[in-house]
file upload.cif (mmCIF, C-alpha atoms)
data_model
#
loop_
_atom_site.label_atom_id
_atom_site.label_comp_id
_atom_site.auth_asym_id
_atom_site.auth_seq_id
_atom_site.Cartn_x
_atom_site.Cartn_y
_atom_site.Cartn_z
CA MET A 1 -14.52 27.35 -156.52
CA ASN A 2 -16.47 24.58 -154.86
CA ASP A 3 -20.17 25.28 -155.31
CA ARG A 4 -21.24 22.88 -152.59
CA GLN A 5 -19.48 24.74 -149.77
CA PRO A 6 -21.72 27.00 -147.69
CA GLN A 7 -20.81 30.69 -147.96
CA ASN A 8 -19.57 32.16 -144.74
CA PHE A 9 -21.58 34.59 -142.64
CA TRP A 10 -21.50 38.34 -143.19
CA PRO A 11 -19.28 40.51 -140.99
CA PRO A 12 -21.35 41.53 -137.93
CA LEU A 13 -20.93 45.25 -138.68
CA ALA A 14 -22.50 44.96 -142.16
CA ALA A 15 -25.33 42.70 -140.97
CA GLY A 16 -25.93 44.98 -137.96
CA ILE A 17 -26.25 48.05 -140.21
CA GLY A 18 -28.74 46.17 -142.40
CA LEU A 19 -30.73 45.07 -139.36
CA GLY A 20 -30.72 48.62 -137.98
CA LEU A 21 -32.10 49.98 -141.28
CA ALA A 22 -34.82 47.30 -141.34
CA LEU A 23 -35.73 48.25 -137.77
CA MET A 24 -35.81 51.95 -138.69
CA GLY A 25 -38.06 51.15 -141.66
CA MET A 26 -40.46 49.29 -139.39
CA PHE A 27 -40.64 52.27 -137.02
CA LEU A 28 -41.19 54.76 -139.86
CA PHE A 29 -44.05 52.75 -141.35
CA THR A 30 -45.79 51.42 -138.26
CA GLY A 31 -44.69 53.49 -135.25
CA HIS A 32 -43.52 50.37 -133.44
CA GLY A 33 -40.49 48.13 -133.77
CA LEU A 34 -39.89 44.51 -134.71
CA GLY A 35 -41.18 41.77 -132.41
CA ALA A 36 -41.33 38.03 -132.14
CA ASN A 37 -42.75 36.83 -128.86
CA GLY A 38 -46.17 38.39 -129.47
CA PHE A 39 -46.65 35.80 -132.21
CA PHE A 40 -46.07 32.92 -129.82
CA THR A 41 -48.37 34.48 -127.21
CA ARG A 42 -51.15 34.75 -129.79
CA LEU A 43 -50.47 31.19 -130.92
CA ALA A 44 -50.65 29.97 -127.29
CA VAL A 45 -53.95 31.80 -126.77
CA TRP A 46 -55.38 30.35 -129.98
CA LEU A 47 -54.32 26.80 -129.05
CA ALA A 48 -55.65 27.19 -125.50
CA GLU A 49 -58.96 28.43 -126.90
CA VAL A 50 -59.22 25.37 -129.15
CA ALA A 51 -58.23 22.97 -126.36
CA ASN A 52 -60.15 24.50 -123.46
CA PRO A 53 -62.32 27.53 -124.30
CA ALA A 54 -63.85 27.82 -120.81
CA TRP A 55 -60.43 27.98 -119.10
CA THR A 56 -59.05 30.42 -121.68
CA THR A 57 -62.01 32.80 -121.32
CA ALA A 58 -61.59 32.79 -117.54
CA ASP A 59 -57.80 33.19 -117.56
CA ALA A 60 -56.69 36.60 -116.30
CA TYR A 61 -53.85 36.94 -118.87
CA PHE A 62 -55.23 35.18 -121.94
CA LYS A 63 -58.67 36.79 -121.81
CA SER A 64 -57.21 40.17 -122.85
CA TYR A 65 -56.11 38.51 -126.11
CA LEU A 66 -59.50 36.99 -126.87
CA GLY A 67 -61.68 38.42 -129.58
CA LYS A 68 -58.60 39.11 -131.70
CA GLY A 69 -59.38 35.90 -133.52
CA HIS A 70 -57.02 33.80 -135.56
CA PRO A 71 -53.29 34.61 -135.09
CA LEU A 72 -53.10 35.60 -138.79
CA ASN A 73 -55.23 38.68 -138.07
CA GLY A 74 -52.38 40.41 -136.25
CA TRP A 75 -49.47 42.30 -137.84
CA ILE A 76 -46.98 40.25 -135.78
CA SER A 77 -47.97 37.08 -137.66
CA TRP A 78 -47.26 38.67 -141.04
CA GLU A 79 -43.95 39.91 -139.70
CA ILE A 80 -43.03 36.39 -138.57
CA ILE A 81 -43.95 35.04 -142.03
CA GLY A 82 -41.54 37.66 -143.39
CA VAL A 83 -38.83 36.54 -140.94
CA ALA A 84 -39.30 32.93 -142.06
CA LEU A 85 -39.06 33.90 -145.76
CA GLY A 86 -36.00 36.09 -145.11
CA ALA A 87 -34.24 33.28 -143.23
CA LEU A 88 -35.07 30.85 -146.06
CA ALA A 89 -33.84 33.28 -148.72
CA GLY A 90 -30.60 33.98 -146.85
CA SER A 91 -29.78 30.35 -146.11
CA LEU A 92 -30.81 28.90 -149.50
CA THR A 93 -28.94 31.45 -151.61
CA ALA A 94 -25.76 30.97 -149.54
CA ARG A 95 -26.12 27.14 -149.39
CA ARG A 96 -26.39 27.29 -145.60
CA PHE A 97 -29.81 25.66 -145.34
CA GLN A 98 -29.38 22.24 -143.76
CA TRP A 99 -31.88 19.92 -142.02
CA LYS A 100 -30.38 19.03 -138.66
CA ILE A 101 -30.72 19.01 -134.90
CA GLU A 102 -27.96 21.44 -134.00
CA ARG A 103 -26.04 20.47 -130.88
CA GLY A 104 -22.60 20.53 -129.33
CA PRO A 105 -20.21 17.65 -130.03
CA ARG A 106 -20.56 16.14 -126.55
CA ILE A 107 -24.31 15.66 -126.19
CA GLY A 108 -26.82 13.33 -127.85
CA ILE A 109 -29.99 14.19 -129.73
CA ASN A 110 -32.34 13.39 -126.82
CA THR A 111 -30.39 15.58 -124.39
CA ARG A 112 -30.39 18.41 -126.93
CA LEU A 113 -34.14 18.21 -127.47
CA ALA A 114 -34.85 18.07 -123.72
CA LEU A 115 -32.70 21.19 -123.23
CA ALA A 116 -34.43 22.94 -126.15
CA LEU A 117 -37.79 22.21 -124.50
CA GLY A 118 -36.62 23.40 -121.08
CA GLY A 119 -35.02 26.56 -122.44
CA GLY A 120 -38.21 27.21 -124.41
CA VAL A 121 -40.35 26.93 -121.26
CA LEU A 122 -38.15 29.50 -119.43
CA THR A 123 -38.33 31.81 -122.46
CA GLY A 124 -42.08 31.40 -122.88
CA PHE A 125 -42.56 32.27 -119.20
CA GLY A 126 -40.06 35.14 -119.14
CA ALA A 127 -41.11 37.05 -122.26
CA PRO A 128 -44.71 37.86 -121.23
CA LEU A 129 -43.39 38.70 -117.75
CA ALA A 130 -40.92 41.20 -119.26
CA ARG A 131 -43.62 42.41 -121.70
CA GLY A 132 -41.33 41.62 -124.63
CA CYS A 133 -38.41 39.58 -125.90
CA THR A 134 -34.90 40.18 -127.19
CA SER A 135 -36.32 41.75 -130.38
CA GLY A 136 -39.52 43.38 -129.18
CA LEU A 137 -38.12 44.88 -125.99
CA GLY A 138 -34.30 44.68 -126.22
CA LEU A 139 -33.69 45.62 -129.86
CA SER A 140 -36.76 47.75 -130.64
CA GLY A 141 -36.84 49.44 -127.24
CA GLY A 142 -33.10 50.08 -127.58
CA ALA A 143 -33.70 51.97 -130.84
CA THR A 144 -36.02 54.40 -129.02
CA LEU A 145 -33.50 54.60 -126.11
CA ALA A 146 -36.13 53.16 -123.73
CA VAL A 147 -34.82 52.56 -120.20
CA ALA A 148 -36.93 49.38 -120.16
CA ALA A 149 -34.85 47.91 -123.01
CA PHE A 150 -31.56 48.37 -121.20
CA VAL A 151 -32.91 46.91 -117.94
CA PHE A 152 -33.93 43.87 -119.98
CA LEU A 153 -30.65 43.62 -121.94
CA ILE A 154 -28.41 43.92 -118.87
CA ALA A 155 -30.35 41.12 -117.12
CA PHE A 156 -30.37 39.03 -120.32
CA PHE A 157 -26.59 39.17 -120.83
CA ALA A 158 -25.80 38.84 -117.10
CA ALA A 159 -27.91 35.69 -116.70
CA GLY A 160 -26.55 34.19 -119.92
CA LEU A 161 -22.94 34.87 -118.91
CA LEU A 162 -23.39 33.43 -115.41
CA LEU A 163 -25.22 30.33 -116.59
CA SER A 164 -22.69 29.79 -119.35
CA ALA A 165 -20.23 28.54 -116.72
CA LEU A 166 -22.50 25.48 -116.54
CA THR A 167 -23.90 25.30 -120.06
CA ARG A 168 -20.90 26.11 -122.30
CA LYS A 169 -19.75 22.48 -122.38
CA LEU A 170 -23.13 21.54 -123.85
CA TRP A 171 -22.38 23.67 -126.91
CA GLN A 172 -18.62 23.83 -127.45
CA MET B 173 -42.78 63.84 -144.60
CA ASN B 174 -44.86 62.77 -141.66
CA PHE B 175 -43.49 59.61 -140.11
CA PRO B 176 -44.56 57.28 -138.60
CA LEU B 177 -47.23 56.42 -141.16
CA GLU B 178 -48.91 54.23 -138.51
CA ASN B 179 -49.56 51.63 -141.15
CA SER B 180 -49.18 48.14 -139.65
CA GLY B 181 -50.63 46.63 -142.81
CA MET B 182 -49.56 43.33 -144.23
CA LEU B 183 -47.09 44.55 -146.86
CA PRO B 184 -44.77 46.90 -144.90
CA VAL B 185 -44.69 44.46 -141.99
CA LEU B 186 -43.95 41.50 -144.28
CA VAL B 187 -41.10 43.39 -145.98
CA ALA B 188 -39.55 44.60 -142.69
CA GLY B 189 -39.91 41.07 -141.29
CA PHE B 190 -38.20 39.65 -144.40
CA PHE B 191 -35.12 41.83 -143.89
CA PHE B 192 -35.16 41.14 -140.14
CA GLY B 193 -34.99 37.40 -140.83
CA TYR B 194 -32.50 37.86 -143.68
CA PHE B 195 -29.98 39.88 -141.66
CA LEU B 196 -30.26 37.55 -138.65
CA GLU B 197 -29.57 34.59 -140.97
CA VAL B 198 -26.62 36.12 -142.84
CA SER B 199 -24.95 37.02 -139.54
CA GLY B 200 -25.34 33.41 -138.31
CA LEU B 201 -27.82 34.21 -135.54
CA GLY B 202 -30.08 31.32 -136.50
CA SER B 203 -27.48 28.95 -135.05
CA PRO B 204 -27.82 28.04 -131.37
CA ARG B 205 -24.11 27.17 -131.20
CA LYS B 206 -23.21 30.64 -132.45
CA LEU B 207 -25.80 32.35 -130.22
CA THR B 208 -24.60 30.58 -127.07
CA ALA B 209 -20.93 31.17 -127.98
CA GLN B 210 -21.64 34.81 -127.08
CA PHE B 211 -22.23 33.82 -123.46
CA ALA B 212 -19.04 31.70 -123.50
CA LEU B 213 -17.31 34.88 -124.81
CA ARG B 214 -15.98 32.88 -127.77
CA ASP B 215 -17.97 34.61 -130.56
CA TRP B 216 -19.30 38.15 -130.05
CA SER B 217 -21.63 38.23 -133.07
CA VAL B 218 -24.79 38.63 -130.94
CA PHE B 219 -23.48 41.73 -129.17
CA LYS B 220 -21.95 43.21 -132.34
CA VAL B 221 -25.00 42.76 -134.57
CA MET B 222 -27.47 43.84 -131.90
CA PHE B 223 -25.63 46.94 -130.73
CA THR B 224 -24.78 48.03 -134.27
CA ALA B 225 -28.48 47.74 -135.16
CA ILE B 226 -29.57 49.67 -132.04
CA VAL B 227 -27.10 52.50 -132.68
CA VAL B 228 -27.94 52.73 -136.42
CA ALA B 229 -31.72 52.69 -135.85
CA ALA B 230 -31.57 55.10 -132.88
CA ALA B 231 -29.31 57.54 -134.76
CA CYS B 232 -31.52 57.45 -137.89
CA LEU B 233 -34.71 57.98 -135.85
CA TRP B 234 -33.03 60.89 -134.05
CA LEU B 235 -31.97 62.49 -137.37
CA PHE B 236 -35.50 62.11 -138.78
CA ASP B 237 -36.79 63.79 -135.61
CA VAL B 238 -34.24 66.64 -135.87
CA PHE B 239 -35.22 67.25 -139.51
CA GLY B 240 -38.89 67.34 -138.48
CA TRP B 241 -39.80 64.28 -140.57
CA LEU B 242 -40.82 62.13 -137.60
CA ARG B 243 -43.08 62.59 -134.59
CA PHE B 244 -40.92 60.84 -132.02
CA ASP B 245 -43.72 60.98 -129.42
CA ALA B 246 -45.87 58.85 -131.74
CA LEU B 247 -43.39 55.96 -131.47
CA LYS B 248 -44.02 53.12 -129.04
CA VAL B 249 -41.62 53.46 -126.09
CA GLN B 250 -42.00 50.81 -123.38
CA THR B 251 -42.52 51.85 -119.77
CA PRO B 252 -39.98 50.26 -117.41
CA PHE B 253 -41.22 47.73 -114.88
CA TYR B 254 -37.90 47.05 -113.21
CA TRP B 255 -38.56 43.73 -111.48
CA ALA B 256 -40.60 42.11 -114.23
CA MET B 257 -38.18 43.20 -116.96
CA ALA B 258 -35.04 42.24 -115.03
CA ILE B 259 -36.39 38.80 -114.10
CA GLY B 260 -37.98 38.28 -117.51
CA GLY B 261 -34.70 39.30 -119.18
CA ALA B 262 -32.76 36.89 -116.94
CA LEU B 263 -35.18 34.08 -117.85
CA LEU B 264 -34.60 34.76 -121.56
CA GLY B 265 -30.83 34.78 -120.98
CA ALA B 266 -31.13 31.44 -119.17
CA GLY B 267 -33.49 30.16 -121.87
CA MET B 268 -30.92 30.97 -124.54
CA ALA B 269 -27.96 29.51 -122.59
CA ILE B 270 -29.91 26.25 -122.06
CA GLY B 271 -32.18 26.04 -125.10
CA GLY B 272 -30.06 27.90 -127.66
CA TYR B 273 -32.57 30.46 -128.95
CA CYS B 274 -34.77 33.43 -128.17
CA PRO B 275 -38.23 33.81 -129.78
CA GLY B 276 -37.07 35.60 -132.96
CA THR B 277 -33.96 33.52 -133.55
CA SER B 278 -35.96 30.29 -133.11
CA VAL B 279 -37.95 31.26 -136.22
CA VAL B 280 -34.69 31.84 -138.13
CA GLY B 281 -33.37 28.53 -136.75
CA LEU B 282 -36.40 26.56 -137.95
CA PHE B 283 -36.36 28.13 -141.42
CA THR B 284 -32.67 27.34 -141.88
CA GLY B 285 -33.51 23.66 -141.25
CA ARG B 286 -32.88 23.36 -137.50
CA LEU B 287 -35.56 21.08 -136.08
CA ASP B 288 -34.45 21.66 -132.47
CA ALA B 289 -36.00 25.14 -132.90
CA LEU B 290 -39.41 23.50 -133.28
CA ILE B 291 -39.02 21.85 -129.84
CA PHE B 292 -37.89 25.20 -128.39
CA MET B 293 -41.09 26.76 -129.80
CA LEU B 294 -43.17 24.01 -128.21
CA GLY B 295 -41.46 24.83 -124.90
CA MET B 296 -42.32 28.52 -125.36
CA LEU B 297 -46.01 27.69 -125.83
CA ILE B 298 -45.92 25.64 -122.60
CA GLY B 299 -44.07 28.43 -120.74
CA THR B 300 -46.50 31.13 -121.87
CA THR B 301 -49.47 28.97 -120.85
CA LEU B 302 -47.84 28.43 -117.43
CA PHE B 303 -47.36 32.20 -117.12
CA ALA B 304 -51.02 32.79 -117.98
CA ALA B 305 -52.17 30.11 -115.53
CA ASN B 306 -50.24 31.84 -112.71
CA PHE B 307 -50.87 35.43 -113.78
CA VAL B 308 -52.99 36.34 -110.75
CA GLU B 309 -50.29 35.14 -108.34
CA LEU B 310 -47.65 37.05 -110.35
CA GLN B 311 -49.40 40.44 -110.17
CA GLY B 312 -47.04 41.88 -107.56
CA LEU B 313 -44.00 41.00 -109.65
CA TYR B 314 -45.65 41.96 -112.95
CA LEU B 315 -46.63 45.45 -111.82
CA GLY B 316 -43.96 46.19 -109.19
CA ALA B 317 -41.32 48.95 -109.37
CA GLN B 318 -42.92 50.76 -112.29
CA GLY B 319 -40.89 53.64 -113.71
CA PRO B 320 -42.13 56.78 -115.48
CA LYS B 321 -44.32 56.12 -118.53
CA GLY B 322 -42.30 55.70 -121.74
CA GLN B 323 -39.07 56.71 -119.99
CA THR B 324 -35.98 57.09 -122.20
CA LEU B 325 -32.28 57.27 -121.32
CA PRO B 326 -32.15 61.04 -122.05
CA ALA B 327 -35.14 61.52 -119.70
CA LEU B 328 -33.54 59.35 -117.00
CA THR B 329 -30.09 60.93 -117.14
CA GLY B 330 -30.89 64.48 -118.27
CA LEU B 331 -28.20 64.14 -120.97
CA PRO B 332 -28.88 65.27 -124.55
CA ILE B 333 -29.84 62.57 -127.08
CA TRP B 334 -26.73 63.08 -129.22
CA LEU B 335 -24.51 62.42 -126.20
CA ILE B 336 -26.43 59.23 -125.30
CA LEU B 337 -26.04 58.11 -128.92
CA LEU B 338 -22.29 58.82 -128.80
CA LEU B 339 -21.96 56.87 -125.54
CA LEU B 340 -23.87 53.92 -127.02
CA ALA B 341 -21.69 54.04 -130.14
CA ALA B 342 -18.60 54.07 -127.87
CA LEU B 343 -20.00 51.07 -125.97
CA ALA B 344 -20.57 49.24 -129.26
CA ALA B 345 -17.02 50.07 -130.43
CA ALA B 346 -15.60 48.89 -127.09
CA GLY B 347 -17.58 45.65 -127.51
CA PHE B 348 -16.04 45.12 -130.96
CA HIS B 349 -12.53 45.54 -129.52
CA VAL B 350 -12.99 43.49 -126.35
CA GLY B 351 -14.84 40.91 -128.44
CA ALA B 352 -11.94 40.59 -130.91
CA TRP B 353 -9.55 40.10 -127.98
CA TYR B 354 -11.64 37.24 -126.54
CA GLU B 355 -12.36 35.74 -129.95
CA SER B 356 -8.65 35.33 -130.65
CA ARG B 357 -8.18 33.49 -127.34
CA ARG B 358 -11.26 31.27 -127.07
CA GLY B 359 -11.39 29.36 -130.31
CA GLY B 360 -12.57 32.12 -132.62
CA VAL B 361 -15.75 33.10 -134.41
CA ILE B 362 -17.90 30.12 -135.45
CA SER B 363 -17.98 29.85 -139.26
CA SER B 364 -20.76 28.39 -141.39
CA LYS B 365 -18.35 25.63 -142.46
CA GLU B 366 -17.83 24.58 -138.83
CA LEU B 367 -21.61 24.36 -138.39
CA SER B 368 -22.21 22.34 -141.56
CA VAL B 369 -20.09 19.33 -140.55
#
call {"tool": "encode", "arguments": {"input": "upload.cif", "output": "structure tokens"}}
result
Amino acid sequence: MNDRQPQNFWPPLAAGIGLGLALMGMFLFTGHGLGANGFFTRLAVWLAEVANPAWTTADAYFKSYLGKGHPLNGWISWEIIGVALGALAGSLTARRFQWKIERGPRIGINTRLALALGGGVLTGFGAPLARGCTSGLGLSGGATLAVAAFVFLIAFFAAGLLLSALTRKLWQ
Amino acid sequence: MNFPLENSGMLPVLVAGFFFGYFLEVSGLGSPRKLTAQFALRDWSVFKVMFTAIVVAAACLWLFDVFGWLRFDALKVQTPFYWAMAIGGALLGAGMAIGGYCPGTSVVGLFTGRLDALIFMLGMLIGTTLFAANFVELQGLYLGAQGPKGQTLPALTGLPIWLILLLLAALAAAGFHVGAWYESRRGGVISSKELSV
């Protein structure tokens, strides 16, 4: 056995059952599901407040987040720290952790980073509009059978599939 | 038993977050190439993991409710805003097809050593600030086509919960089968070895 080879990923069924149980545990303890985008919203508010307090206080969306203080005061930040530790534990123990800029074989590093930035902007705009992200609305809402979650998921997969006609060659 | 405990304290949230990140990582969903291969129909891991998790969590919550251990009405159930959620969902689908991540998987990406995830996060901060800067102009879209408060699929369709759960499980099973068919024709599931070269 070669110890330097990364272990392969788990079968999706096993990992999905584990993820479902983690999600159930979150609901049983807290009454709400797992999230992710809320952390980035709070981080954006905090940075905006540092950079331009007058603008942030006057902003119609950000002002509802003010007074909540440092991002570490919210549960979502502790959850994200847990996500980071879980990802580290999984990748280090299976020798999958690797510093890199992951990209398809046909594009360069600068193109990849520009696309990462652009995709991030669309995501950062879309998630507060939808009032949640793939985890907070799609996955967690799905577990409570919320109609909202399935509206979100259908649009998410439809847009991804359509756009993939253009973007698949960037990745494959 | 009287769930939910409504305890969003540091420890339970940290532990649930740990397993969230762990199971995303072990299924390969920290990799943008694997995530976007779902949209190319080459690797169906995103659909399989996500729908398995939804069915397992929904079925367990339902059983806890049936046994009287859980107050289902104390759980957070989002209210549908059809336009905002459809357009927001489409933007996240586009964001993943172009940028390779969604918010949660970008955290897993960064903490498995993928520095492109950091740039994606920077983009998210810019996008959210742009949303906030245009929030007044977006009010019509943000609040339009609101559905009933906390509406669920059983409430929408009038079908019993167990039947909805069976239909979702059937959809998940169909996804596993259709996925396997595509995977065998479009280059196959992306392995960790393929990503490490």
call {"tool": "resolve_selection", "arguments": {"input": "upload.cif", "expression": "the PyMOL selection byres ((chain B and resi 324) around 7)", "output": "PDB file with C-alpha atoms, in the coordinates of the input"}}
result
ATOM      1  CA  LEU A 145     -33.500  54.600-126.110  1.00  0.00           C
ATOM      2  CA  ALA A 146     -36.130  53.160-123.730  1.00  0.00           C
ATOM      3  CA  VAL A 147     -34.820  52.560-120.200  1.00  0.00           C
TER       4      VAL A 147
ATOM      5  CA  GLY B 322     -42.300  55.700-121.740  1.00  0.00           C
ATOM      6  CA  GLN B 323     -39.070  56.710-119.990  1.00  0.00           C
ATOM      7  CA  LEU B 325     -32.280  57.270-121.320  1.00  0.00           C
ATOM      8  CA  PRO B 326     -32.150  61.040-122.050  1.00  0.00           C
ATOM      9  CA  ALA B 327     -35.140  61.520-119.700  1.00  0.00           C
ATOM     10  CA  LEU B 328     -33.540  59.350-117.000  1.00  0.00           C
TER      11      LEU B 328
END
call {"tool": "closest_atom_pairs", "arguments": {"input": "upload.cif", "of": "range 52-90 of chain A", "to": "range 198-207 of chain B", "cutoff": "12 Å", "atoms": "only C-alpha atoms", "output": "JSON lines"}}
result
{"residue": "A:Val83", "atom": "CA", "partner": "B:Gly202", "partner_atom": "CA", "distance": 11.1}
{"residue": "A:Ala84", "atom": "CA", "partner": "B:Gly202", "partner_atom": "CA", "distance": 10.9}
{"residue": "A:Gly86", "atom": "CA", "partner": "B:Val198", "partner_atom": "CA", "distance": 9.7}
{"residue": "A:Ala87", "atom": "CA", "partner": "B:Val198", "partner_atom": "CA", "distance": 8.1}
{"residue": "A:Leu88", "atom": "CA", "partner": "B:Val198", "partner_atom": "CA", "distance": 10.5}
{"residue": "A:Ala89", "atom": "CA", "partner": "B:Val198", "partner_atom": "CA", "distance": 9.7}
{"residue": "A:Gly90", "atom": "CA", "partner": "B:Val198", "partner_atom": "CA", "distance": 6.0}
call {"tool": "atom_distance", "arguments": {"input": "upload.cif", "atom1": "CA of Thr301 in chain B", "atom2": "CA of Leu163 in chain A"}}
result
24.7 Å
call {"tool": "resolve_selection", "arguments": {"input": "upload.cif", "expression": "the PyMOL selection byres ((chain B and resi 339-343) around 9)", "output": "list in words"}}
result
Phe223, Thr224, Ile226, Val227, Val228, Trp334, Leu335, Ile336, Leu337, Leu338, Ala344, Ala345, Ala346, Gly347 and Phe348 of chain B
call {"tool": "resolve_selection", "arguments": {"input": "upload.cif", "expression": "the PyMOL selection byres ((chain A and resi 152) around 7)", "output": "ChimeraX atom specification"}}
result
/A:138,148-151,153-156 /B:257-258,261
call {"tool": "closest_residue", "arguments": {"input": "upload.cif", "among": "B:Gly319, B:Gly359, B:Asn174, B:His349", "to": "Phe236 in chain B", "atoms": "only C-alpha atoms"}}
result
B:Asn174
call {"tool": "residues_near_point", "arguments": {"input": "upload.cif", "point": "(-19.9, 19.5, -142.3)", "cutoff": "10 Å", "atoms": "all atoms listed in the file", "output": "MDAnalysis selection string"}}
result
(chainID A and resid 5:6 98) or (chainID B and resid 364:369)
call {"tool": "atom_distance", "arguments": {"input": "upload.cif", "atom1": "CA of Ala246 in chain B", "atom2": "CA of Leu34 in chain A"}}
result
15.8 Å
call {"tool": "closest_residue", "arguments": {"input": "upload.cif", "among": "A:Asn52, A:Asn37, A:Thr111, A:Ser77", "to": "chain B", "atoms": "all atoms listed in the file"}}
result
A:Asn37
call {"tool": "closest_residue", "arguments": {"input": "upload.cif", "among": "B:Ile259, B:Met173, B:Val361, B:Leu331", "to": "chain A", "atoms": "only C-alpha atoms"}}
result
B:Ile259
call {"tool": "closest_residue", "arguments": {"input": "upload.cif", "among": "A:Gly82, A:Arg131, A:Trp46, A:Ala51", "to": "chain B", "atoms": "all atoms listed in the file"}}
result
A:Gly82
call {"tool": "closest_residue", "arguments": {"input": "upload.cif", "among": "B:Lys248, B:Arg214, B:Arg357, B:Arg243", "to": "chain A", "atoms": "all atoms listed in the file"}}
result
B:Lys248
call {"tool": "atom_distance", "arguments": {"input": "upload.cif", "atom1": "CA of Phe239 in chain B", "atom2": "CA of Lys321 in chain B"}}
result
25.4 Å
call {"tool": "residues_near_point", "arguments": {"input": "upload.cif", "point": "(-29.6, 33.8, -119.6)", "cutoff": "12 Å", "atoms": "only C-alpha atoms", "output": "PyMOL selection string"}}
result
(chain A and resi 119-120+122-123+126+134+152-168) or (chain B and resi 207-208+210-212+258-274)
